[in-house]
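Worksheet: the structure to be examined is printed underneath.
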Amino acid sequence: MTTRRAGRLPEALHRFNAAHPWDHNAHYHPWLLRQLPRRFQAALDVGCGSGELARLLARRAREVHAVDSDPDILDRARQSTPGTAPVTYHVADASRRLPDGPYDVITCVAALHHLPLAETLTRLRDRLAPGGVLAVVGCARASDPLDHALGLVAVPLNALTGWAKNRGRPAPRRPLSMTAPTLEPRETYAEVSRTARRVLPGARLRRRLFWRYTLVWRAPAP
């Protein structure tokens, strides 16, 4: 009986989370914005999805270029973006092509694990203006005791946060930002960290709750 109940618990938790969805990536938008200047000229958002972060960047930037490989989610992003906002959306595979730049700010949220890691970090680095900021919220494959410990903390906290954000009621639908395609991460946090520190000397990385890590790198000033 105990084993049967234990097997039912993950299913019940999955049903509860599905009924009370919330956007883990948007949870980190305030942190990300704190890493950036209050005003800047040009920004690039890689893997922009439905455009929530691109629209936030547009409040500080003179122009924002937002890139995603999914044309359907970009159509929704355009529909959700005021015509006066300085945001241009591009359908592109970021592993092969990005707008040229240079950019004062480049952001990438839950998209880096969809792309070849070293090549993409190199491409983003090369598109930063001198003194520019690259800010990443990424996903990594759990591999060590710290990852699993953070996961154990995140499981009940995830359910509690979903319940609170939905005010205790089941949501009629998932947020638009959660309808984009997803992919399980390949690299572990240790692998991401080693690659990032090689490509981006001085990069600051940190494990985070809700199965995320953060990376910040500032390009050398002229």
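How things are named: the first chain in the structure tokens is A, the next is B, and so on; residues count from 1 in each chain; ligands count from 1 in the order shown.
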Exercise. Can you pull out every residue within 10 Å of region 81-90 of chain A, counting only C-alpha atoms, but drop anything in the same chain fewer than 2 positions away, and send it as a ChimeraX atom specification?
Key: /A:42-46,48,50-52,54-59,61-71,74-79,92-93,98-99
Exercise. List every residue of region 89-137 of chain A that DSSP, applied to the backbone of this structure, places in helix (DSSP H, G or I), and write the result as a PyMOL selection string.
Key: chain A and resi 112-114+117-126
Restrict the calculation to only C-alpha atoms, then for each residue of region 83-102 of chain A with any atom at most 12 Å from an atom of region 124-136 of chain A give the closest atom pair and their distance in Å to one decimal, rows by chain and rising residue number, as a tab-separated table.
residue	atom	partner	partner_atom	distance
A:Ala94	CA	A:Leu124	CA	9.6
A:Ser95	CA	A:Leu124	CA	10.2
A:Arg96	CA	A:Leu124	CA	11.7
A:Arg97	CA	A:Leu124	CA	10.8
A:Leu98	CA	A:Leu124	CA	8.8
A:Pro99	CA	A:Arg127	CA	8.6
A:Asp100	CA	A:Arg127	CA	6.6
A:Gly101	CA	A:Arg127	CA	5.5
A:Pro102	CA	A:Arg127	CA	4.9
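If you measure from each of A:Glu11, A:Asp23, A:Glu187, A:Asp144 to His113 (chain A) using only C-alpha atoms, the closest one turns out to be A:Glu187.
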Hey, could you make a per-residue contact list for region 24-123 of chain A against region 200-207 of chain A with 10 Å as the cut-off, showing the nearest pair of atoms and its distance in Å to one decimal, counting only C-alpha atoms, sorted by chain and number, as JSON lines?
{"residue": "A:Ala118", "atom": "CA", "partner": "A:Leu200", "partner_atom": "CA", "distance": 9.9}
{"residue": "A:Leu121", "atom": "CA", "partner": "A:Leu200", "partner_atom": "CA", "distance": 7.8}
{"residue": "A:Thr122", "atom": "CA", "partner": "A:Leu200", "partner_atom": "CA", "distance": 8.1}
Written selection (N, CA and C atoms) as a short mmCIF file (atom, residue, chain, number, x, y, z; two decimals), in the first residue's frame:
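Output file result_35.cif follows:
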data_model
loop_
_atom_site.label_atom_id
_atom_site.label_comp_id
_atom_site.auth_asym_id
_atom_site.auth_seq_id
_atom_site.Cartn_x
_atom_site.Cartn_y
_atom_site.Cartn_z
N ALA A 118 29.07 26.13 -27.11
CA ALA A 118 30.26 26.95 -27.33
C ALA A 118 30.09 27.88 -28.52
N LEU A 121 27.63 30.78 -27.57
CA LEU A 121 28.24 31.77 -26.69
C LEU A 121 29.26 32.62 -27.44
N THR A 122 30.00 32.00 -28.33
CA THR A 122 30.97 32.75 -29.13
C THR A 122 30.27 33.76 -30.02
#
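Each of A:Ala149, A:Leu53, A:Leu32, A:Leu117 was checked against Thr214 (chain A) using only C-alpha atoms; the smallest atom-to-atom distance is that of A:Leu32.
Between Arg212 (chain A) and the residues A:Arg38, A:Ala142, A:Asp104, A:Arg60, the shortest atom-to-atom distance, using only C-alpha atoms, involves A:Ala142.
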